[in-house]
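> Pasting protein-v4.txt below, which is compact mmCIF, C-alpha atoms.
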```txt
# COMPACT_ATOMS: atom_id res chain seq x y z
CA MET A 1 -7.53 99.19 -36.17
CA ASN A 2 -10.60 100.46 -38.03
CA LYS A 3 -9.71 103.90 -39.42
CA GLU A 4 -13.33 104.68 -40.22
CA THR A 5 -14.38 104.06 -36.61
CA ILE A 6 -11.66 106.35 -35.28
CA LEU A 7 -12.50 109.11 -37.73
CA GLU A 8 -16.20 108.80 -36.85
CA ILE A 9 -15.37 109.15 -33.15
CA ILE A 10 -13.27 112.25 -33.83
CA ASP A 11 -16.01 113.79 -35.97
CA LYS A 12 -18.55 113.05 -33.25
CA SER A 13 -16.42 114.27 -30.36
CA PHE A 14 -14.77 117.42 -31.68
CA ASN A 15 -16.38 120.44 -33.27
CA LYS A 16 -13.90 121.08 -36.07
CA ASN A 17 -14.98 124.70 -36.38
CA PHE A 18 -13.67 125.14 -32.87
CA CYS A 19 -10.85 122.64 -32.57
CA LYS A 20 -8.43 121.37 -35.18
CA VAL A 21 -7.38 117.76 -34.72
CA ASP A 22 -4.21 116.31 -36.20
CA VAL A 23 -4.81 112.63 -36.98
CA ARG A 24 -2.08 110.36 -38.34
CA PHE A 25 -2.20 106.62 -38.87
CA CYS A 26 0.94 104.47 -38.51
CA GLU A 27 2.75 107.37 -36.84
CA SER A 28 6.35 106.76 -35.73
CA MET A 29 6.83 107.13 -31.99
CA LYS A 30 10.41 108.22 -32.63
CA GLU A 31 8.98 111.65 -33.36
CA HIS A 32 7.21 111.91 -30.01
CA THR A 33 9.62 110.58 -27.37
CA THR A 34 12.87 111.99 -26.03
CA PHE A 35 14.63 108.65 -26.56
CA LYS A 36 13.84 108.87 -30.31
CA VAL A 37 13.03 105.17 -30.59
CA GLY A 38 9.96 103.04 -31.16
CA GLY A 39 7.69 101.64 -33.80
CA THR A 40 4.42 103.07 -35.06
CA ALA A 41 1.20 103.87 -33.25
CA ASP A 42 -1.92 102.57 -34.96
CA CYS A 43 -3.26 106.10 -34.69
CA TRP A 44 -1.84 109.31 -33.23
CA VAL A 45 -4.34 112.03 -32.34
CA CYS A 46 -3.42 115.55 -31.26
CA PRO A 47 -6.21 118.09 -30.67
CA LYS A 48 -5.24 121.74 -31.14
CA PRO A 49 -7.77 123.77 -29.18
CA GLN A 50 -8.29 127.48 -29.59
CA VAL A 51 -8.83 128.29 -25.93
CA GLY A 52 -8.73 131.52 -24.01
CA GLU A 53 -12.21 132.49 -22.95
CA SER A 54 -13.94 130.51 -20.24
CA ALA A 55 -16.69 129.24 -22.54
CA SER A 56 -14.27 127.85 -25.13
CA GLU A 57 -12.15 126.11 -22.52
CA GLU A 58 -15.21 124.52 -20.96
CA LEU A 59 -16.32 123.39 -24.42
CA PHE A 60 -12.98 121.78 -25.25
CA VAL A 61 -12.97 119.85 -21.97
CA SER A 62 -16.47 118.64 -22.80
CA PHE A 63 -15.17 117.43 -26.18
CA LEU A 64 -12.40 115.52 -24.41
CA VAL A 65 -14.94 113.78 -22.17
CA ASP A 66 -16.98 112.74 -25.22
CA PHE A 67 -13.87 111.44 -26.99
CA PHE A 68 -12.72 109.48 -23.94
CA ASN A 69 -16.19 107.90 -23.59
CA CYS A 70 -16.52 107.05 -27.27
CA CYS A 71 -13.12 105.36 -27.44
CA LYS A 72 -13.78 103.34 -24.29
CA ASP A 73 -17.26 102.33 -25.51
CA ALA A 74 -15.74 101.19 -28.81
CA GLY A 75 -13.06 99.18 -26.98
CA ILE A 76 -10.23 101.23 -28.50
CA PRO A 77 -7.17 101.43 -26.21
CA ILE A 78 -5.91 104.95 -25.46
CA PHE A 79 -2.39 105.79 -24.39
CA ILE A 80 -2.13 109.36 -23.06
CA LEU A 81 1.09 111.04 -24.18
CA GLY A 82 2.71 114.23 -22.94
CA GLY A 83 6.26 115.18 -23.81
CA GLY A 84 7.36 111.54 -24.07
CA ALA A 85 10.22 112.26 -21.67
CA ASN A 86 10.12 109.02 -19.68
CA VAL A 87 8.78 106.65 -22.32
CA VAL A 88 10.29 103.90 -24.45
CA ALA A 89 7.81 102.79 -27.09
CA SER A 90 8.23 99.23 -28.32
CA ASP A 91 9.76 98.61 -31.76
CA LYS A 92 6.50 96.76 -32.46
CA GLY A 93 4.56 99.95 -31.84
CA ILE A 94 1.48 100.85 -29.81
CA ARG A 95 -1.96 99.50 -30.54
CA GLY A 96 -5.01 101.75 -30.48
CA ILE A 97 -4.79 105.53 -30.14
CA VAL A 98 -1.88 107.55 -28.82
CA PHE A 99 -3.59 110.71 -27.58
CA ASP A 100 -1.11 113.57 -27.57
CA MET A 101 -1.94 116.37 -25.10
CA THR A 102 1.01 118.66 -25.88
CA GLU A 103 -1.16 121.35 -27.52
CA TRP A 104 -3.28 121.68 -24.35
CA LYS A 105 -0.86 124.11 -22.79
CA GLY A 106 -0.46 127.38 -20.94
CA LYS A 107 -2.05 128.87 -17.86
CA SER A 108 -5.60 127.70 -17.37
CA ILE A 109 -8.48 129.96 -16.44
CA ARG A 110 -10.18 127.09 -14.59
CA SER A 111 -8.91 128.44 -11.28
CA PHE A 112 -9.09 126.63 -7.97
CA ASP A 113 -9.50 130.12 -6.43
CA ALA A 114 -6.62 130.08 -3.98
CA LYS A 115 -4.23 132.93 -3.31
CA ASN A 116 -0.83 132.64 -5.00
CA GLU A 117 -2.09 129.68 -7.03
CA LEU A 118 -1.41 129.02 -10.69
CA VAL A 119 -3.25 126.41 -12.73
CA PHE A 120 -1.57 124.91 -15.80
CA ARG A 121 -2.99 122.76 -18.56
CA SER A 122 -1.42 119.34 -18.67
CA GLY A 123 0.41 119.83 -21.98
CA THR A 124 2.35 122.82 -20.63
CA THR A 125 6.08 122.19 -20.63
CA MET A 126 7.90 122.32 -17.33
CA ASP A 127 10.04 125.23 -18.51
CA GLU A 128 6.98 127.20 -19.62
CA ALA A 129 5.25 126.69 -16.27
CA ALA A 130 8.30 127.89 -14.36
CA LEU A 131 8.63 130.97 -16.57
CA ILE A 132 4.95 131.87 -16.17
CA ALA A 133 5.29 131.59 -12.39
CA ALA A 134 8.34 133.87 -12.51
CA ASP A 135 6.33 136.46 -14.47
CA PHE A 136 3.86 136.50 -11.56
CA ASN A 137 6.74 136.83 -9.05
CA LEU A 138 5.79 133.44 -7.64
CA SER A 139 8.42 131.04 -6.38
CA GLY A 140 8.28 127.27 -5.98
CA LEU A 141 8.61 125.90 -9.50
CA GLU A 142 12.28 126.71 -10.05
CA PHE A 143 13.16 123.02 -9.86
CA PHE A 144 11.04 122.54 -13.02
CA SER A 145 13.56 124.51 -15.07
CA GLY A 146 15.28 122.41 -17.72
CA MET A 147 13.21 119.34 -16.81
CA PRO A 148 11.89 117.64 -19.95
CA GLY A 149 8.26 116.72 -20.42
CA THR A 150 4.92 118.27 -19.56
CA ILE A 151 2.91 119.06 -16.44
CA GLY A 152 0.58 116.10 -16.99
CA GLY A 153 3.34 113.53 -17.33
CA ALA A 154 5.33 115.04 -14.47
CA LEU A 155 2.28 114.98 -12.19
CA TRP A 156 1.55 111.36 -13.14
CA MET A 157 5.16 110.49 -12.21
CA ASN A 158 5.36 112.89 -9.23
CA ALA A 159 8.56 114.12 -10.85
CA ARG A 160 11.31 115.36 -8.57
CA CYS A 161 14.67 117.08 -8.73
CA TYR A 162 16.94 119.11 -6.44
CA GLY A 163 15.17 117.77 -3.37
CA SER A 164 11.68 118.86 -4.44
CA GLU A 165 8.81 116.97 -6.03
CA ILE A 166 5.56 118.03 -7.61
CA SER A 167 3.42 116.91 -4.68
CA ASP A 168 5.32 119.40 -2.48
CA VAL A 169 3.79 122.34 -4.35
CA LEU A 170 0.60 120.78 -5.74
CA SER A 171 -2.66 122.22 -4.46
CA GLY A 172 -5.10 120.38 -6.73
CA ALA A 173 -5.77 118.62 -10.00
CA GLU A 174 -8.55 118.15 -12.50
CA ILE A 175 -8.91 114.93 -14.46
CA ILE A 176 -11.23 113.01 -16.73
CA SER A 177 -11.79 109.57 -15.25
CA ARG A 178 -13.86 106.58 -16.21
CA GLU A 179 -16.04 105.08 -13.51
CA GLN A 180 -18.90 102.59 -13.87
CA GLY A 181 -18.64 102.79 -17.65
CA VAL A 182 -18.94 106.58 -17.92
CA ALA A 183 -16.19 109.20 -18.13
CA GLY A 184 -16.57 112.50 -16.36
CA ILE A 185 -14.63 115.37 -14.82
CA LYS A 186 -13.26 115.07 -11.29
CA LYS A 187 -11.58 117.84 -9.35
CA PHE A 188 -9.32 117.14 -6.38
CA LYS A 189 -7.71 119.27 -3.73
CA ILE A 190 -4.35 118.04 -2.49
CA GLU A 191 -5.89 116.93 0.81
CA ASP A 192 -8.21 114.62 -1.15
CA LEU A 193 -5.28 112.82 -2.83
CA THR A 194 -3.42 109.98 -1.17
CA GLY A 195 -0.73 107.74 -2.58
CA PHE A 196 1.99 110.24 -3.41
CA GLY A 197 5.49 108.91 -2.86
CA TYR A 198 8.89 108.75 -4.47
CA LYS A 199 8.13 108.86 -8.22
CA LYS A 200 4.59 107.70 -7.44
CA SER A 201 1.20 109.38 -7.64
CA PRO A 202 -2.41 108.26 -7.15
CA PHE A 203 -3.04 108.88 -10.85
CA GLN A 204 -0.97 105.82 -11.73
CA ASN A 205 -3.83 103.72 -10.34
CA MET A 206 -6.58 105.58 -12.19
CA ASP A 207 -7.99 105.20 -15.68
CA CYS A 208 -7.74 108.89 -16.34
CA LEU A 209 -6.61 111.82 -18.44
CA ILE A 210 -5.01 114.66 -16.47
CA LEU A 211 -6.43 118.02 -17.54
CA ASN A 212 -4.95 120.62 -15.21
CA ALA A 213 -2.72 120.90 -12.18
CA ALA A 214 -2.84 123.70 -9.62
CA PHE A 215 0.22 124.82 -7.66
CA LYS A 216 0.32 126.83 -4.43
CA LEU A 217 3.36 129.10 -4.64
CA ASN A 218 5.16 131.71 -2.56
CA ASN A 219 5.73 135.39 -3.20
CA GLY A 220 9.18 135.97 -4.66
CA ASN A 221 11.36 138.22 -6.76
CA LYS A 222 11.34 137.59 -10.51
CA GLY A 223 15.05 138.27 -10.91
CA GLN A 224 16.00 135.86 -8.15
CA ILE A 225 13.59 133.23 -9.45
CA LEU A 226 15.02 133.45 -12.97
CA ALA A 227 18.57 133.28 -11.63
CA GLN A 228 17.80 130.04 -9.78
CA MET A 229 16.14 128.63 -12.89
CA GLU A 230 19.24 129.40 -14.95
CA LYS A 231 21.43 127.80 -12.29
CA ASN A 232 19.36 124.61 -12.41
CA LYS A 233 19.37 124.51 -16.20
CA LYS A 234 23.14 125.04 -16.32
CA ASP A 235 23.62 122.26 -13.79
CA ARG A 236 21.64 119.90 -16.04
CA MET A 237 23.65 121.00 -19.04
CA ASP A 238 26.98 120.55 -17.23
CA LYS A 239 25.93 117.03 -16.23
CA GLY A 240 25.27 116.12 -19.87
CA HIS A 241 21.47 115.90 -19.75
CA TYR A 242 21.10 117.26 -23.27
CA LEU A 243 24.00 115.58 -25.07
CA PHE A 244 22.09 112.53 -26.37
CA PRO A 245 18.47 111.39 -26.64
CA SER A 246 17.56 109.87 -23.28
CA ALA A 247 14.95 109.79 -20.54
CA GLY A 248 17.15 111.14 -17.77
CA SER A 249 17.49 108.76 -14.84
CA ALA A 250 16.93 105.16 -15.92
CA PHE A 251 16.42 103.78 -12.40
CA LYS A 252 14.87 105.09 -9.22
CA ASN A 253 17.03 105.80 -6.22
CA ASN A 254 16.38 103.83 -3.04
CA ILE A 255 17.39 105.17 0.35
CA GLU A 256 17.92 101.59 1.58
CA PHE A 257 20.83 101.23 -0.87
CA GLY A 258 22.79 103.84 1.09
CA LYS A 259 23.95 105.63 -2.05
CA PRO A 260 22.51 106.92 -5.33
CA THR A 261 21.80 104.33 -8.02
CA GLY A 262 24.14 106.10 -10.42
CA GLN A 263 27.01 105.67 -7.95
CA ILE A 264 26.26 101.97 -7.56
CA ILE A 265 26.34 101.48 -11.34
CA ASP A 266 29.50 103.58 -11.63
CA GLU A 267 31.32 101.61 -8.93
CA LEU A 268 30.62 98.40 -10.87
CA GLY A 269 32.42 99.90 -13.87
CA LEU A 270 29.29 99.90 -16.01
CA LYS A 271 29.55 103.43 -17.40
CA GLY A 272 30.02 103.12 -21.16
CA LEU A 273 28.44 99.64 -21.31
CA SER A 274 26.62 99.33 -24.65
CA ILE A 275 24.06 97.08 -26.26
CA GLY A 276 23.43 98.03 -29.85
CA GLY A 277 22.96 101.78 -29.97
CA ALA A 278 22.00 102.05 -26.28
CA GLN A 279 24.72 102.98 -23.83
CA VAL A 280 25.18 103.68 -20.13
CA ALA A 281 26.30 107.30 -20.41
CA PRO A 282 30.06 107.69 -19.90
CA PHE A 283 29.29 110.79 -17.82
CA HIS A 284 26.49 109.43 -15.56
CA GLY A 285 25.90 105.90 -14.32
CA ASN A 286 22.12 106.31 -14.11
CA PHE A 287 21.65 107.63 -17.63
CA ILE A 288 21.00 105.42 -20.63
CA VAL A 289 21.43 107.25 -23.91
CA ASN A 290 20.68 106.63 -27.55
CA THR A 291 24.03 107.08 -29.30
CA GLY A 292 22.28 107.41 -32.65
CA ASN A 293 20.87 104.11 -33.83
CA ALA A 294 19.42 102.47 -30.73
CA SER A 295 16.27 100.39 -30.89
CA ALA A 296 13.74 100.17 -28.10
CA ALA A 297 14.85 96.56 -27.61
CA ASP A 298 18.46 97.73 -27.14
CA ILE A 299 17.38 100.03 -24.32
CA ARG A 300 15.24 97.43 -22.61
CA THR A 301 17.95 94.79 -22.87
CA LEU A 302 20.52 97.19 -21.43
CA VAL A 303 18.18 97.99 -18.51
CA GLN A 304 17.85 94.26 -17.83
CA GLU A 305 21.62 93.75 -18.10
CA ILE A 306 22.36 96.54 -15.61
CA SER A 307 19.71 95.21 -13.21
CA GLU A 308 21.17 91.71 -13.32
CA LYS A 309 24.74 92.89 -12.74
CA VAL A 310 23.72 95.12 -9.81
CA LYS A 311 21.63 92.33 -8.28
CA LYS A 312 24.49 89.84 -8.59
CA ALA A 313 27.09 92.20 -7.16
CA SER A 314 25.13 93.88 -4.36
CA GLY A 315 21.83 92.10 -3.90
CA PHE A 316 19.97 95.33 -4.69
CA THR A 317 16.92 95.13 -6.96
CA LEU A 318 16.79 98.22 -9.17
CA GLU A 319 13.41 99.64 -10.13
CA PRO A 320 13.33 101.17 -13.62
CA GLU A 321 12.06 104.72 -13.85
CA ILE A 322 11.60 104.40 -17.62
CA LEU A 323 8.14 103.33 -18.78
CA PHE A 324 8.17 100.62 -21.45
CA VAL A 325 4.95 100.89 -23.43
CA GLY A 326 3.38 99.14 -26.39
CA ASP A 327 3.69 95.55 -27.63
CA TRP A 328 6.84 93.79 -26.44
```
Produce structure tokens that represent the structure in this file.


Amino acid sequence: MNKETILEIIDKSFNKNFCKVDVRFCESMKEHTTFKVGGTADCWVCPKPQVGESASEELFVSFLVDFFNCCKDAGIPIFILGGGANVVASDKGIRGIVFDMTEWKGKSIRSFDAKNELVFRSGTTMDEAALIAADFNLSGLEFFSGMPGTIGGALWMNARCYGSEISDVLSGAEIISREQGVAGIKKFKIEDLTGFGYKKSPFQNMDCLILNAAFKLNNGNKGQILAQMEKNKKDRMDKGHYLFPSAGSAFKNNIEFGKPTGQIIDELGLKGLSIGGAQVAPFHGNFIVNTGNASAADIRTLVQEISEKVKKASGFTLEPEILFVGDW
């Protein structure tokens, strides 16, 4: 990876008087994923915009478009990273640029102009979005509470919990996408988007960077909203979500199995199964945790081992929810 080329692209794309950019070469992915595993990225780039007024936000988005175009024109691969909550980066690392959007956060002023709608930048954490909604006495994002990751990553995955998923409350999205060799901004209303499903979104089939997501919410009472958020967070805590580095559920559920994937794994006596430092959590069959010294290869091998045992015992083919990225 040519450092000079990358630095030239950054200098060309971002006005440093307006936007600071943190650039690190050979950056460990352990620092940027909830599993705390992985090798190094050739280059990790994290812009830190100073946004607030409409003009400055528009300017930063324009910089992002330029950066996206320049990297694509130069043939430099880009992996868009949010909170790293569902990602296992290879021990061999990730080639090209890991573009970290976690500083692009908070409530956006690029409104979709709907009543009871809030628009969040893609680097906003799930907790932060839920709290902001509560401050506006708006209900609908309580299931976000305690969920790891960012709005952008959760929208890409169509994240779900407690019987709700992002597409249930989504009213629109704004992305940068590359079409016919040129990147530009596209804005969608929910009725324009097809392809949402269980842990699936149309963005998984696009060469894009998610900028903002808009949510249509209901009037509510702040106290009641916060109480439900605390209940959800406590439930996650009681179930051991925060005890070890992990990505939450390792496999998707499938209604055709007749029972949750975690129950299937549990009934096969696989809780506690370990490969290296990766372990099926003793407290949840569908959690794989890093007990302290796991490698990315340990986690991937354990996923394969579980899948093979379930297939042999039940005939069910498990679909991993974890994303394995980089060179394997």

> Neighbouring residues of Ile6 in chain A were defined as those with any atom within 9 Å, considering all atoms listed in the file; residues of the same chain fewer than 2 positions away were excluded. Please report them as a list in words.

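So the residues in contact are Met1, Asn2, Lys3, Glu4, Glu8, Ile9, Ile10, Asp11, Cys43, Cys71, Ile76 and Ile97 of chain A.
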
> Just want the 6 Å neighbourhood of range 84-94 of chain A, counted on all atoms listed in the file, with same-chain residues fewer than 5 positions away dropped. Output as a list in words.

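Selected residues are His32, Thr33, Thr34, Gly38, Gly39, Thr40, Ala41, Pro148, Gly149, Ala247, Ala296, Ile322, Leu323, Phe324, Val325, Gly326, Asp327 and Trp328 of chain A.
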
> Please identify all polymer residues within 10 Å of range 176-191 of chain A, counting only C-alpha atoms, omitting same-chain residues fewer than 4 positions from it, and present them as a list in words.

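In the requested format, the answer is Val61, Ser62, Leu64, Val65, Asp66, Phe67, Phe68, Asn69, Cys70, Lys72, Asp73, Phe112, Ser167, Asp168, Val169, Leu170, Ser171, Gly172, Phe203, Met206, Asp207, Cys208, Leu209, Ile210, Leu211, Asn212, Ala213, Ala214 and Phe215 of chain A.
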
> Of the candidates A:Gly276, A:Pro260, A:Gly96, A:Gly223, which shows the shortest atom-to-atom distance to Leu131 in chain A, using only C-alpha atoms?

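Among the listed residues, A:Gly223 lies closest to Leu131 in chain A.
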
> Name the residues in contact with range 304-313 of chain A at a cut-off of 8 Å, using only C-alpha atoms, excluding same-chain residues fewer than 2 positions from it; report them as a compact mmCIF listing (two decimals) with C-alpha atoms, in the coordinates of the input.


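Dumped everything to result36.txt:
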```txt
# COMPACT_ATOMS: atom_id res chain seq x y z
CA ILE A 264 26.26 101.97 -7.56
CA ILE A 265 26.34 101.48 -11.34
CA LEU A 268 30.62 98.40 -10.87
CA LEU A 270 29.29 99.90 -16.01
CA ARG A 300 15.24 97.43 -22.61
CA THR A 301 17.95 94.79 -22.87
CA LEU A 302 20.52 97.19 -21.43
CA GLY A 315 21.83 92.10 -3.90
CA PHE A 316 19.97 95.33 -4.69
CA THR A 317 16.92 95.13 -6.96
CA LEU A 318 16.79 98.22 -9.17
```

> Do you have the CA of Glu321 in chain A-CA of Phe251 in chain A distance handy?

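Rounded to one decimal, the two atoms are 4.7 Å apart.
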
> Please provide as a list in words all residues within 10 Å of range 163-165 of chain A, with the sequence filter that same-chain residues fewer than 3 positions apart are discarded (counting all atoms listed in the file).

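Once the adjacent positions are removed, what remains is Gly140, Leu141, Glu142, Phe143, Phe144, Ala154, Leu155, Met157, Asn158, Ala159, Arg160, Asp168, Val169, Leu170, Phe196, Gly197, Tyr198 and Lys199 of chain A.
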
> Enter the distance from CA of Lys259 in chain A to CA of Leu273 in chain A, in Å, rounded to one decimal.

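Computing it gives 20.7 Å between the two atoms.
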
> How far is it from CA of Pro202 in chain A to CA of Ala133 in chain A, in Å with one decimal?

25.1 Å
